[in-house]
Each structure stands twice: as structure tokens, then as C-alpha cells.
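A.B. asks: Submitted below is the structure of interest, expressed as C-alpha cells.
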Amino acid sequence: MTRTIEYRDALNEAMSEEMRRDERVFLLGEEVAEYDGAYKVSRGMLQEFGPKRVVDTPISESGFSGMAIGAAMLGLRPIVEFMSWSFSLVAADPILNNAPKMLYMSGGQFGCPIVIRGNDGAGGQLGSTHSWCVEGLYANVPGMKMVIPAFPADAKGLLKSAIRDDDPVFFLESERLLAYKDEVPEEEYLIPIGKALVRRPGTDCTLVSFGRPVHFCLEAAEELAREGISCEVIDGRTIRPLDIDTIVQSVKKTNYCVVVDQSWPFASPGAEIAAQVHAACFDDLDNAVGRVHSADVPTPYASELEQEYLPNARRICEAVRATTYNA
Amino acid sequence: MSIELTMPRLSDTMETGTIIKWNVGVGDEVAAGDVVADIETDKATMEMQVFDDGVIAGLLVDPGNQVPVGTLIAVLAEEGESVEDVSLDSNGTSAAPAAPAAPAAAPPVESKSVSAPSAPRAATPGSGEKLKVSPVARRIASERGIDLVLLKGTGPGGRIIKRDVLGYEAAPAAAAPAQSITSPAPLTSGEEPLSGMRQTIARRLVESKTTIPHYQVSMSFDMESLVDIRAQVNERLAPQGRKVSVNDFIVKACALAISEHRYFNASFGGDRVHFHAGINIGVAIALPEERGGGLVVATIRDADRLPVGDIAVAARALAEKARTRGLSPEDMSDSTFTISNLGMFGVDHFTAIINPPNSAILACGAAIEQPVVRDGAIVPGVRMTATLSLDHRVIDGAMAARYLQTLKQLVEKPAMLLV
């Protein structure tokens with residue numbers, strides 16, 4: 001059985017279920033308790049779990065994320081909420097320099113089972129400093145996992161897996177998706193980290209994306225279908241580890257691939273996927289892998305510019321036409 | 001309006017050209033006739049002239065880069081235009097994929113003075129034409145035994161893409177030859193990559209043999225008189241260090257015969273036949289092993305009007321040049337009828353493949369001493385067998401027979417050849 005709920009409620013259910021299941025799990029972050037979360041993701045959780053497990057922190061990302069990492073090393077299962085991943089930049093040392101390396105540096109004695117979650121990407125006229133897509137920067141670091149769900153059901157199933165995972169998991173949500181409603185199973189379920197999903201089957205071109213741009217891809221696929229180009233849309237769901245097998249399987253069938261990534265183009269997950277597809281599918285490609293990214297500029301504030309900056313459906317359609325020699 | 005300079009077609013077979021160097025820079029003024037670049041074709045390095053006055057606003061292809069004929073390579077600002085405006089434009093334009101020049105059926109040689117010759121596509125030497133093929137197109141072609149040389153690429157820069165291979169398979173008429181042109185058996189004991197010339201020969205002759213409905217007509221010629229006259233001529237020329245070959249007489253004879261049979265100086269043009277103004281005889285020249293082997297076709301222009309002695313001089317010079325320095329595109333363009341002669345190797349007779357867009361080629365064997373029947377008696381004689389290969393779309397069997405009759409009269413009563 002399913003019911004239709006918002007993405008933010010799916011996140012809430014995942015955290016609440018895991019906190020009921022495992023008393024080591026707790027949530028901390030700015031305004032997560034008294035205010036029910038800046039984006040109302042933790043609505044009602046303070047009442048249910050009390051201030052010891054739903055903790056309001058000062059505006060000090062470096063401090064509270066460092067504290068959470070220490071807690072994780074000593075056996076707890078913290079969930080850190082960043083109001084925006086843009087604010088994580090001041091916590092780069094704990095989250096990039098400590099958490100992902102702990103298992104390695106301690107010779108396997110203790111890891112860091114922490115989940116760090118928050119809004120990633122352009123929220124809509126938030127300006128360039130508050131519109132970060134951190135996947136390009138952070139996915140470069142070995143030792144962590146990076147999850148970026150596009151749909152409520154995935155958000156819930158993947159967050160539950162992330163909380164149970166023994167490695168640090170960076171969980172990238174989107175402010176633009178928090179109110180997105182979709183069917184989510186009633187019963188408990190988990191979605192494994194590292195498994196992509198074919199969102200829409202197709203025969204002529206593989207579209208690979210993750211997070212919010214998956215929706216742009218589905219929109220583009222709809223338009224391209226009217227032109228007779230059948231796109232297979234793959235929702236990567238996880239960036240690290242990357243499910244390259246699902247992508248390769250699709251590209252071997254379609255012979256064309258366009259990667260859609262809301263990061264900037266240079267040294268991005270999209271670039272990495274293109275490189276891996278080129279290597280794995282060399283003899284199956286009829287053209288170089290196409291890529292659609294956010295424009296290589298700081299995120300514009302003006303709404304028209306911001307829309308044009310994003311890897312929107314129109315730009316995806318153009319890339320697919322060019323890549324499949326239908327331009 | 002700015003003036004766009006595109007990669008010119010500097011030889012008949014040229015499909016791509018490489019900018020060797022630019023002789024001008026952005027901002028330089030140029031006048032019509034100025035040489036702006038050196039361009040390497042599949043045959044030679046040639047100068048590229050501009051045909052307009054202007055200022056160089058943009059050079060869009062860097063030296064060393066190879067682009068298809070027709071690709072935008074530079075932009076000129078006209079009088080009154082600013083270089084800045086034009087170069088912005090040209091950047092926009094150059095981003096568009098260059099349309100590969102469609103090698104259509106070669107147009108006729110209207111006259112020998114045509115500046116962009118576009119008649120015969122002889123097998124030619126040169127830097128080699130790199131076939132651009134997408135990986136999956138290459139894989140599918142290899143799996144299905146399709147020779148990529150036969151395909152026309154529709155991707156950017158003429159790249160052969162998947163749909164070109166699949167489309168070739170779908171075309172039933174074209175599919176047949178593919179079966180016979182498969183990869184070699186696994187018994188090979190070595191291999192060598194094809195030279196540029198060999199690739200051109202392969203491509204051109206497969207195209208000729210698979211698209212032109214060839215048939216052959218042979219005739220035997222009594223060579224006694226011609227051999228005799230040649231001996232007389234050569235005896236007189238010997239002190240000057242000159243001589244005339246049997247083939248030089250045959251070139252002259254073929255040219256004179258053509259003047260009476262205009263379909264032998266014509267090209268098939270789809271819905272019409274093109275007749276050519278000059279009678280230009282192509283002569284196949286085998287190249288020595290040390291120069292990579294292969295063959296080229298040199299053109300002796302207006303052979304019907306040249307004395308045999310001049311034909312001999314021209315033929316000798318072209319053969320020498322072909323075997324040492326290599327022929328220029330000019331030396332190889334515009335032939336309208338071709339002769340291939342293996343007589344010097346003692347070959348009795350053979351058949352040749354038409355050199356498009358010619359409609360006929362004559363394959364000559366050796367003039368051989370043999371018993372012949374004359375006036376009811378067997379006596380010693382000299383005979384040569386020549387075989388015409390013909391394009392049946394242009395020339396029918398009876399026409400070929402009548403041409404050979406004319407040729408026979410000229411060869412067997414060779415006085416006309418000396419007029």
C-alpha cells in the first residue's frame with residue numbers, strides 16, 4: 001500500500017522510524033527542535049524524542065558537525081542537518097578532513113557512522129553564496145558515501161539506509177523538492193545505497209542524472225518522445241558509490257549518452273560519469289557523451305538568468321538532439 | 001557582409017585539406033590574388049589565394065589541422081566593416097557543424113582552362129584520407145563485414161555514424177558487394193597499414209567497379225606497320241636521345257578515334273551525358289616499390305592535336321616526375337579517357353577498371369610476334385590485343401565495336417598518326 005506524501009515528510013518518517021528503532025540515533029542542527037526545522041523537515045520530532053535526541057545548535061556548523069563526528073566515533077549515530085549545504089563550507093575540516101578518513105586513519109579501529117543532510121543546489125533566487133551544489137567538490141573525497149534522491153520514496157528508503165550505514169553519508173536534498181508529493185509505501189522498506197534506477201525506459205539515448213535534474217530529464221524525455229527520440233532516463237540516486245553498471249548497460253543498448261548534472265562542468269560528477277562511460281562503452285558509442293551542467297558561472301540571482309543557468313529541460317533537449325545527430 | 005573563406009577543393013579527389021601555414025594574421029589587409037595559406041591536399045601542398053580584397057578578421061583553423069572541403073576556415077572583413085564585428089560573427093558561424101562537401105557525380109571537364117578541375121578522380125598519392133568513424137559504427141561494420149570505405153559519413157566532418165552503417169545494410173542493392181569485401185581470413189602471417197594512395201585506390205576502384213556497369217570488348221591489331229614506322233622514327237631520333245613508344249602512338253590513335261566517337265569523351269551524369277571539350281588521355285603509370293608502389297594516372301591534354309613526338313615528350317616527363325617527385329594535381333586532373341598498357345611486361349591481354357568519370361578505358365597487351373594467316377598462308381606477324389572496358393550507361397556494345405574499328409584502321413595504317 002502507498003500513500004502520497006511530501007518529500008519533507010518522507011525524510012521525517014525516515015528519521016523518526018530509525019530513532020524509534022535505534023536509540024543511538026539523534027538529530028542536531030540549527031532550528032531542528034523548537035522551530036520544527038527551518039524547512040519543517042523535523043516537524044513533531046522534538047515532542048516525540050525530547051531535547052536530548054533532537055538538539056538545537058548554535059549557528060556554528062564547524063562546531064556542531066565536529067561534535068557529531070566525535071559522537072559517531074564513540075558509537076552514536078548522529079544526523080546533522082545543515083540548513084543548506086552552502087553553510088557546510090565553513091565545516092570543511094570536520095566533514096571532509098576528518099569524517100571520511102577516520103576509518104582509514106584509525107587502522108579500522110573506529111569509523112564514523114554519521115549522516116549529514118541538507119538542501120543542495122539553487123533554491124530559487126538565493127544568490128550565488130547560498131546556492132551551492134557541493135557534489136562536485138565533496139564527491140572527490142574518498143571514504144564517504146553521497147546520496148542524492150529525486151523522489152520522496154527514494155528519500156525515505158535511502159535516508160534509512162544512510163542512518164544504518166557504518167560510513168559517513170552525505171545526503172543531498174533539494175529545497176525545490178521538499179514539497180514534491182509522490183507515492184511512498186506504507187510499510188517499512190530500505191533502498192540500498194549505490195543502486196541507480198531506470199526511471200523511464202527508452203531506446204535511443206541514455207540520460208543520466210541525479211537529484212533535482214532528474215525531473216528536468218523526465219520533462220525533456222517527454223518532449224523528445226514527441227520528436228521521435230526515445231530517452232532512457234536513469235536516476236543515479238547515489239553518486240558515491242556510483243552505479244556505473246546500470247548506466248553502461250543502458251548505453252550499450254542506446255549507443256548515446258547525455259549526462260545531466262547540476263554541478264558546474266569542470267571536474268564534476270558529470271565529467272566523471274562521462275569519463276567512465278567513455279572507458280566502459282568505447283565500442284558502443286556513436287558519439288562522445290554529451291553533458292549538461294549548470295553554467296560555469298556563479299549562480300545568478302535574477303530569476304530568468306537562474307532558470308537559464310540550470311540544466312533545464314530545453315538545454316537537455318538540445319544536448320540530446322546534438323548527441324544523437326538530430327540537431 | 002563579411003566574406004567567408006572555405007577549404008577549397010584543390011584537386012579532384014580532395015575531400016579534406018590540412019592548413020600547413022597561414023601567411024596572414026588577423027588584421028592583415030589582403031588583396032584578391034594574395035596567397036593566404038599553404039594547404040596540403042591528398043596529393044600535394046598548394047597555395048590558397050583569396051578572390052576578394054579585405055582585412056583578415058578571423059582564422060578559424062589552426063595550422064596542422066585537417067578539415068573537410070567546404071569548411072569555413074577564415075573570414076574577411078569587407079571595406080567599411082570592423083574586424084571586431086566580423087570576428088564575433090565568424091565565431092558564431094564556425095560553431096555550426098561544417099557541412100561536408102558532398103562528392104557528387106563529377107561534373108564534366110568543360111574546358112582545360114577551368115580553374116577548379118573536377119573531372120577524373122585518379123588513384124593518387126598523398127597524405128592519406130583518414131576515415132572518421134564512430135566507435136559503434138566501426139564495431140557494427142566489423143561484425144557484419146561491411147567495408148567502411150564504401151560508406152558515406154553523415155556525421156560532423158563526414159564521420160561515419162551508426163545510422164550510416166545500418167542504412168548501408170538496409171539498402172539491398174548496395175548490400176551485395178559488402179559480402180565479398182570482408183576482413184581477411186585468420187590465416188594472415190603479417191599485415192601492413194594501407195598507404196594514403198592505396199586507400200584512395202581501394203576506395204575509388206571499388207566505387208568504380210561496384211557502381212559502373214562494366215563490360216569488355218576486345219580486338220586484335222596488326223602492329224606490323226606501326227612497329228615498322230616506330231623503328232624508322234626512333235632511328236632518326238636516337239642521336240637526339242629521344243624515342244617514341246608504341247604506347248605514344250596508341251595515345252594518339254585513341255585520341256583521333258575519339259574525335260570521331262564523341263561518346264568516348266563523355267561522362268555519365270545521372271539524367272544526362274556530359275561531353276567534354278578537350279580530348280585528354282590519361283595514362284596509367286605504375287610507381288616503383290621504393291616509392292610505395294601504387295599507380296597514378298597522368299593526363300596528356302589535347303592528345304588529338306599533339307604530334308606523336310610531343311606526346312612522347314610529355315609522357316616521358318610525366319612518368320619521370322611521377323616516379324621521382326610525384327605528380328601535381330594539375331598533372332592528374334581532367335582526363336577524359338584512360339589507357340593502361342602492360343605490354344612492356346609481355347602481357348597478352350587484360351581488362352582494366354574504368355577511371356571515373358571516364359566512360360571507357362583501353363587495356364593494351366604486348367605487340368607480340370606470332371604466326372598469322374595472310375592470303376591463305378601462315379606467315380610471321382605482329383599482333384596486339386586491346387580490350388576496352390566500358391560504362392554501359394553511356395556506350396553500348398555496337399558503339400564500342402565501331403570505335404575499335406576506327407582505332408584498328410588508325411593503328412594498322414599508321415600514316416594518319418603522323419599527320
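Letters A, B, ... go to the chains of the C-alpha cells in the order shown; residues in each chain start at 1; ligands are counted from 1 in the same order.
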Only residues of chain B matter here; which ones have an atom within 8 Å of chain A, counting only C-alpha atoms? Give them as number ranges by chain.
C.D. replies: B: 134-139, 155, 161-162
A.B. asks: Go ahead and write the residues just picked, C-alpha atoms, as a CSV table (one decimal), in the first residue's frame.
C.D. replies:
chain,number,residue,atom,x,y,z
B,134,SER,CA,32.3,6.4,-34.5
B,135,PRO,CA,33.3,3.5,-32.4
B,136,VAL,CA,30.0,1.8,-32.6
B,137,ALA,CA,29.8,2.3,-36.3
B,138,ARG,CA,33.2,0.7,-36.6
B,139,ARG,CA,32.2,-2.2,-34.4
B,155,GLY,CA,28.1,12.9,-39.0
B,161,ILE,CA,28.0,7.0,-37.7
B,162,LYS,CA,25.8,4.2,-36.7
A.B. asks: Write out as a PyMOL selection string the set of residues from region 135-330 of chain B that DSSP, computed on the backbone, places in helix (DSSP H, G or I).
C.D. replies: chain B and resi 135-144+148-150+156-158+162-170+172-180+196-211+224-240+246-260+262-265+289-291+308-324+329-330
A.B. asks: With a distance cut-off of 9 Å and only C-alpha atoms, select the neighbouring residues of Val320 (chain A), excluding the residue or stretch itself and same-chain residues fewer than 6 positions from it, and output the selection as JSON, numbers by chain.
C.D. replies: {"A": [205, 206, 207, 224, 229, 231, 256, 257, 258, 290, 326, 327]}
A.B. asks: Those selected residues, please, written with N, CA and C atoms and delivered as a short mmCIF file (atom, residue, chain, number, x, y, z; two decimals), in the first residue's frame.
C.D. replies:
data_model
loop_
_atom_site.label_atom_id
_atom_site.label_comp_id
_atom_site.auth_asym_id
_atom_site.auth_seq_id
_atom_site.Cartn_x
_atom_site.Cartn_y
_atom_site.Cartn_z
N CYS A 205 18.54 7.09 -26.55
CA CYS A 205 19.58 7.86 -25.87
C CYS A 205 19.44 7.66 -24.37
N THR A 206 20.57 7.48 -23.69
CA THR A 206 20.55 7.34 -22.24
C THR A 206 20.76 8.71 -21.60
N LEU A 207 19.85 9.09 -20.73
CA LEU A 207 20.01 10.32 -19.95
C LEU A 207 20.34 9.91 -18.53
N LEU A 224 11.09 15.09 -26.07
CA LEU A 224 11.85 14.41 -27.12
C LEU A 224 11.06 13.23 -27.69
N ILE A 229 12.38 10.76 -30.45
CA ILE A 229 13.62 10.31 -29.80
C ILE A 229 13.24 9.73 -28.44
N CYS A 231 14.12 8.46 -24.97
CA CYS A 231 15.21 8.55 -24.00
C CYS A 231 14.99 7.58 -22.84
N TYR A 256 24.10 6.10 -27.23
CA TYR A 256 24.26 7.54 -26.99
C TYR A 256 24.04 7.81 -25.50
N CYS A 257 24.75 8.81 -24.96
CA CYS A 257 24.59 9.13 -23.55
C CYS A 257 24.74 10.63 -23.34
N VAL A 258 23.81 11.17 -22.58
CA VAL A 258 23.92 12.57 -22.16
C VAL A 258 23.81 12.58 -20.63
N GLY A 290 27.43 13.44 -24.22
CA GLY A 290 27.03 14.83 -24.07
C GLY A 290 26.89 15.18 -22.60
N ASN A 326 20.64 14.58 -34.29
CA ASN A 326 19.32 15.02 -34.74
C ASN A 326 19.18 16.53 -34.65
N ALA A 327 20.31 17.21 -34.49
CA ALA A 327 20.25 18.67 -34.35
C ALA A 327 19.90 19.31 -35.70
#
A.B. asks: Which neighbours of His130 (chain A) fall inside 12 Å, counting only C-alpha atoms, when residues of the same chain fewer than 3 positions from it are skipped, and could you give them as a ChimeraX atom specification?
C.D. replies: /A:82-89,119-127,133-134,175,298-301
A.B. asks: Skipping near chain neighbours, those fewer than 6 positions away, what residues fall within 10 Å of Lys408 (chain B) using only C-alpha atoms, listed as a PyMOL selection string?
C.D. replies: chain B and resi 219-223+253-254+257+386+402+414
A.B. asks: Considering only C-alpha atoms, return as a list in words whatever protein or nucleic-acid residues lie within 9 Å of Arg159 (chain B), sequence-local ones (same chain, fewer than 5 positions apart) excluded.
C.D. replies: Leu131, Lys132, Val133, Ser134, Lys152, Gly153 and Thr154 of chain B
A.B. asks: List the spatial neighbours of region 240-245 of chain B as an mmCIF file with N, CA, C and O atoms, in the first residue's frame - criterion: any atom at most 7 Å away, only C-alpha atoms, same-chain residues fewer than 2 positions off excluded.
C.D. replies:
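Now in part12.cif:
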data_model
loop_
_atom_site.group_PDB
_atom_site.id
_atom_site.type_symbol
_atom_site.label_atom_id
_atom_site.label_comp_id
_atom_site.auth_asym_id
_atom_site.auth_seq_id
_atom_site.Cartn_x
_atom_site.Cartn_y
_atom_site.Cartn_z
ATOM 1 N N ARG B 230 57.609 3.038 -86.196
ATOM 2 C CA ARG B 230 58.247 3.430 -84.938
ATOM 3 C C ARG B 230 59.758 3.222 -85.029
ATOM 4 O O ARG B 230 60.547 4.071 -84.585
ATOM 5 N N ASN B 234 62.373 6.166 -84.566
ATOM 6 C CA ASN B 234 63.344 6.099 -83.468
ATOM 7 C C ASN B 234 64.778 6.094 -83.972
ATOM 8 O O ASN B 234 65.686 6.575 -83.295
ATOM 9 N N LEU B 237 65.508 9.586 -84.334
ATOM 10 C CA LEU B 237 65.521 10.340 -83.069
ATOM 11 C C LEU B 237 66.686 9.940 -82.162
ATOM 12 O O LEU B 237 67.078 10.700 -81.275
ATOM 13 N N ALA B 238 67.213 8.750 -82.399
ATOM 14 C CA ALA B 238 68.232 8.210 -81.488
ATOM 15 C C ALA B 238 69.372 9.184 -81.213
ATOM 16 O O ALA B 238 69.766 9.358 -80.048
ATOM 17 N N ASN B 247 53.170 2.875 -77.139
ATOM 18 C CA ASN B 247 52.059 3.475 -76.397
ATOM 19 C C ASN B 247 51.789 4.915 -76.823
ATOM 20 O O ASN B 247 50.651 5.358 -76.850
ATOM 21 N N ASP B 248 52.858 5.656 -77.187
ATOM 22 C CA ASP B 248 52.653 7.039 -77.619
ATOM 23 C C ASP B 248 51.791 7.073 -78.883
ATOM 24 O O ASP B 248 50.912 7.931 -79.023
ATOM 25 N N PHE B 249 52.053 6.114 -79.784
ATOM 26 C CA PHE B 249 51.224 6.028 -80.991
ATOM 27 C C PHE B 249 49.781 5.672 -80.620
ATOM 28 O O PHE B 249 48.833 6.171 -81.218
ATOM 29 N N GLY B 309 55.423 12.931 -81.448
ATOM 30 C CA GLY B 309 56.691 13.268 -80.799
ATOM 31 C C GLY B 309 56.466 14.071 -79.523
ATOM 32 O O GLY B 309 57.122 13.849 -78.501
ATOM 33 N N ALA B 312 55.141 11.868 -76.859
ATOM 34 C CA ALA B 312 56.236 11.078 -76.283
ATOM 35 C C ALA B 312 56.988 11.898 -75.233
ATOM 36 O O ALA B 312 57.283 11.411 -74.135
#
A.B. asks: Between CA of Lys160 (chain A) and CA of Met19 (chain A), what is the distance, to one decimal in Å?
C.D. replies: 10.0 Å
A.B. asks: Run DSSP on the backbone and tell me which residues of region 31-124 of chain A come out as strand (DSSP E or B); list them as a PyMOL selection string.
C.D. replies: chain A and resi 54-56+77-84+115-119
